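Trainee: Sharing a structure here in C-alpha cells format.
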Amino acid sequence: MSKNYRAELVGVFGDPVDDNPTGVMEEAAFEACGLNYRYLTLKVTEEDFDDAMKALKALHMKGMNLTMPHKIRVIPKLDELSEAAEIIGAVNTIVVRDDGTLFGENTDGKGFVQALKNRGITPEGKNIMIFGAGGAARAISVECSLAGARKMTIVNRTKEKADELADVINTHTKTPAESCKWTPSYVIPKDVDILINATCVGFAPNINEKPDIDYDSIREGLIVCDVVFNPCEPLFLKEAAKHGAVTVNGLGMLACQGALNFTLWTGKEAPLDVMENQLRKEFEEA
C-alpha cells in the first residue's frame, strides 16, 4: 500500500482570528494521536464568507470552527443542526460528512458542562446565575438548562438582552429562567448554587479587571466559574476563592470544547490532558 501524503484539513474561519488559540491544542492532540491532520487558522471576512464555505467542500476538508462574525450567518448553509445549536441560534463547529452534507454543532456550552463534570459538578438540579447575555452566555445557559438546571438567572447590563435570552430558555427548555439588570456591586442571592462570568471582563490584557459584584456575598462552597482562559486564573476567581468559593476556570471549558471538536472530526477520543496542558503552556508563556 502506497504512503498517503495528503493531510486531512480542519480549521477556523473568523475575523479577527489572529489571536485564536484553538489550533495550538488541536495540533498537539493530532500529534499525540498520530493523526495526519492539520488545523488552519484562516482570516475570512464577511465579504469572503460565501467563497470560504465553497472552499470548505472543494478542498474536501473534514470540518471547520467558526468564530465571529460567522456563527449565525453560516446556519442557512448547513444541512442539519444539533438540538442545542438550533436553540442557541449559532454554530461554532461544522462537520463535513462522508456524503458531503454539513452538520452544525455548538460545542461552547457542551464544553462548559463537560468541564464542570470533570470536576465532579453537574448542572442538574442547580440554581444557576450567569453574568452576560452574549454568545458564550447563550451557549452555556442553554446547555445547562438542557442538562437539567433547576433555575437559570440571566444578569446583564442591558436588561433587554437578558430578557431575550431568558425567553429562549423558557420557550425551548424545561428550566425556568428569569432576567435581572446588572447593577454596581451586585449582590449574589444566597440560594445560587453556581455563579458564572460569561463576559470578557478580566481577559488579557485587562487582567486587573473583575466583574462588579459584592464579593462579600460570595459564600463558602459556592461554585464560581469564569469563561476567561487568559490568564488561566483570572482575578474574579482569585477573589472568589478568598471567600471560600470552589472555582472553575475557562481553560477547562476551552479544552473540553476543543476535545469535542476533535472527536466530531476524527471519530476518536481526544487526549484532553494533552490539549489542556498545551493551552496552559501557551498562556503562561504569553
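Letters A, B, ... mark the chains of the C-alpha cells in the order given; residue numbers begin at 1 per chain; ligand numbers begin at 1, in order shown.
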If we count only C-alpha atoms, what is near A:Met275 at a cut-off of 12 Å, once residues fewer than 5 positions away on the same chain are taken out, given as a PyMOL selection string?

Mentor: chain A and resi 21-33+251-262+270+280-282

Trainee: Leaving out stretch 37-52 of chain A and any residue of its chain fewer than 2 positions from it, which residues lie within 12 Å of it when counting only C-alpha atoms, given as a PyMOL selection string?

Mentor: chain A and resi 4-35+54-59+61-74+76-77+258+261-262+265-266

Trainee: Quick one: DSSP strand (DSSP E) residues in stretch 49-218 of chain A, as a PyMOL selection string?

Mentor: chain A and resi 63-66+80-81+93-96+102-105+127-131+151-156+177-181+194-197

Trainee: Within stretch 51-156 of chain A, find each residue whose DSSP state, derived from the backbone, is helix (DSSP H, G or I), and express the selection as a ChimeraX atom specification.

Mentor: /A:51-58,75-77,83-88,108-118,135-146

Trainee: Could you name the residues that touch A:Lys181 at 10 Å or less, counting only C-alpha atoms, but leaving out those on the same chain fewer than 5 positions away, as a list of chain:residue names?

Mentor: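 The filter keeps A:Phe131, A:Ile154, A:Val155, A:Asn156, A:Arg157, A:Thr158, A:Lys159, A:Glu160, A:Lys161, A:Ala162, A:Asp163, A:Tyr186.
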
Trainee: Excluding same-chain residues fewer than 4 positions from A:Ala136, what lies within 9 Å of it counting only C-alpha atoms, as a list in words?

Mentor: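 Those residues are Asp108, Gly109, Gly132, Ile140, Ser141, Ala198, Thr199 and Val227 of chain A.
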
Trainee: Pull all heavy atoms from the residues just selected and write them as a PDB file, in the first residue's frame.

Mentor:
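Saved as again03.pdb:
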ATOM      1  N   ASP A 108     -19.520  25.139  22.519  1.00  0.00           N
ATOM      2  CA  ASP A 108     -19.121  26.041  23.604  1.00  0.00           C
ATOM      3  C   ASP A 108     -19.785  25.656  24.924  1.00  0.00           C
ATOM      4  O   ASP A 108     -19.116  25.471  25.941  1.00  0.00           O
ATOM      5  CB  ASP A 108     -19.473  27.487  23.255  1.00  0.00           C
ATOM      6  CG  ASP A 108     -18.542  28.075  22.205  1.00  0.00           C
ATOM      7  OD1 ASP A 108     -17.395  27.585  22.103  1.00  0.00           O
ATOM      8  OD2 ASP A 108     -18.946  29.011  21.503  1.00  0.00           O
ATOM      9  N   GLY A 109     -21.110  25.560  24.909  1.00  0.00           N
ATOM     10  CA  GLY A 109     -21.835  25.214  26.130  1.00  0.00           C
ATOM     11  C   GLY A 109     -21.571  23.788  26.573  1.00  0.00           C
ATOM     12  O   GLY A 109     -21.449  23.507  27.771  1.00  0.00           O
ATOM     13  N   GLY A 132     -23.890  38.155  31.825  1.00  0.00           N
ATOM     14  CA  GLY A 132     -23.739  38.314  30.393  1.00  0.00           C
ATOM     15  C   GLY A 132     -24.896  37.690  29.634  1.00  0.00           C
ATOM     16  O   GLY A 132     -25.582  36.800  30.148  1.00  0.00           O
ATOM     17  N   ILE A 140     -23.868  28.558  27.066  1.00  0.00           N
ATOM     18  CA  ILE A 140     -23.744  27.927  28.384  1.00  0.00           C
ATOM     19  C   ILE A 140     -25.099  27.775  29.053  1.00  0.00           C
ATOM     20  O   ILE A 140     -25.424  26.716  29.607  1.00  0.00           O
ATOM     21  CB  ILE A 140     -22.786  28.744  29.273  1.00  0.00           C
ATOM     22  CG1 ILE A 140     -21.353  28.616  28.751  1.00  0.00           C
ATOM     23  CG2 ILE A 140     -22.862  28.280  30.727  1.00  0.00           C
ATOM     24  CD1 ILE A 140     -20.380  29.578  29.407  1.00  0.00           C
ATOM     25  N   SER A 141     -25.907  28.821  29.018  1.00  0.00           N
ATOM     26  CA  SER A 141     -27.203  28.766  29.703  1.00  0.00           C
ATOM     27  C   SER A 141     -28.134  27.749  29.050  1.00  0.00           C
ATOM     28  O   SER A 141     -28.871  27.036  29.747  1.00  0.00           O
ATOM     29  CB  SER A 141     -27.857  30.151  29.742  1.00  0.00           C
ATOM     30  OG  SER A 141     -28.049  30.670  28.447  1.00  0.00           O
ATOM     31  N   ALA A 198     -19.745  35.037  32.196  1.00  0.00           N
ATOM     32  CA  ALA A 198     -19.678  34.737  30.764  1.00  0.00           C
ATOM     33  C   ALA A 198     -19.437  36.007  29.958  1.00  0.00           C
ATOM     34  O   ALA A 198     -19.824  36.114  28.798  1.00  0.00           O
ATOM     35  CB  ALA A 198     -20.960  34.053  30.299  1.00  0.00           C
ATOM     36  N   THR A 199     -18.775  36.984  30.595  1.00  0.00           N
ATOM     37  CA  THR A 199     -18.381  38.215  29.905  1.00  0.00           C
ATOM     38  C   THR A 199     -16.877  38.166  29.658  1.00  0.00           C
ATOM     39  O   THR A 199     -16.178  37.258  30.119  1.00  0.00           O
ATOM     40  CB  THR A 199     -18.711  39.457  30.745  1.00  0.00           C
ATOM     41  OG1 THR A 199     -17.766  39.576  31.821  1.00  0.00           O
ATOM     42  CG2 THR A 199     -20.131  39.376  31.301  1.00  0.00           C
ATOM     43  N   VAL A 227     -15.460  32.150  32.092  1.00  0.00           N
ATOM     44  CA  VAL A 227     -15.116  31.720  30.739  1.00  0.00           C
ATOM     45  C   VAL A 227     -13.761  32.271  30.309  1.00  0.00           C
ATOM     46  O   VAL A 227     -13.202  31.831  29.303  1.00  0.00           O
ATOM     47  CB  VAL A 227     -16.195  32.145  29.709  1.00  0.00           C
ATOM     48  CG1 VAL A 227     -17.540  31.551  30.064  1.00  0.00           C
ATOM     49  CG2 VAL A 227     -16.274  33.661  29.576  1.00  0.00           C
TER      50      VAL A 227
END

Trainee: Give me the residues within 12 Å of A:Phe236 as a VMD selection string, counting only C-alpha atoms and dropping any in the same chain fewer than 3 places off.

Mentor: chain A and resid 195 to 203 206 to 215 218 224 to 229 231 to 233 239 to 243 245 247 to 250

Trainee: Could you tell me how far atom CA of A:Gly135 sits from atom CA of A:Met53, in Å to one decimal place?

Mentor: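 Between atom CA of A:Met53 and atom CA of A:Gly135 the gap is 21.7 Å.
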
Trainee: Any idea what's packed within 8 Å of A:Glu80, counting only C-alpha atoms, ignoring anything in its chain fewer than 2 positions away? Could you give it as a list in words?

Mentor: Leu78, Ser82, Leu102, Phe103 and Gly104 of chain A

Trainee: Just to be explicit: take each residue in the selection above, keep N, CA and C atoms, and write the result as a tab-separated table (two decimals), in the first residue's frame.

Mentor:
chain	number	residue	atom	x	y	z
A	78	LEU	N	-26.09	25.17	6.13
A	78	LEU	CA	-25.91	23.85	6.71
A	78	LEU	C	-27.11	22.95	6.42
A	82	SER	N	-27.60	20.49	15.37
A	82	SER	CA	-27.89	19.80	16.61
A	82	SER	C	-29.02	20.53	17.33
A	102	LEU	N	-23.40	19.00	5.44
A	102	LEU	CA	-22.78	19.78	6.51
A	102	LEU	C	-23.65	19.75	7.76
A	103	PHE	N	-23.05	19.33	8.87
A	103	PHE	CA	-23.73	19.27	10.17
A	103	PHE	C	-23.18	20.37	11.06
A	104	GLY	N	-24.08	21.13	11.68
A	104	GLY	CA	-23.68	22.23	12.54
A	104	GLY	C	-23.91	21.93	14.01

Trainee: Please report the interatomic distance between atom CA of A:Gly267 and atom CA of A:Lys3 in Å with one decimal.

Mentor: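 Atom CA of A:Lys3 lies 21.7 Å from atom CA of A:Gly267.
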
Trainee: With only C-alpha atoms as the atoms that count, which of A:Ala115, A:Ala137, A:Ile194, A:Ile169 lies nearest to A:Glu276?

Mentor: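 Going through A:Ala115, A:Ala137, A:Ile194, A:Ile169 one by one, the smallest distance to A:Glu276 is for A:Ala115.
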
Trainee: Rounded to one decimal in Å, what is the spacing between atom CA of A:Met152 and atom CA of A:Ile75?

Mentor: 26.3 Å

Trainee: Ranking A:Glu124, A:Thr175, A:Ala85, A:Asp273 by minimum distance to A:Thr153 and counting only C-alpha atoms, which one comes first?

Mentor: A:Thr175
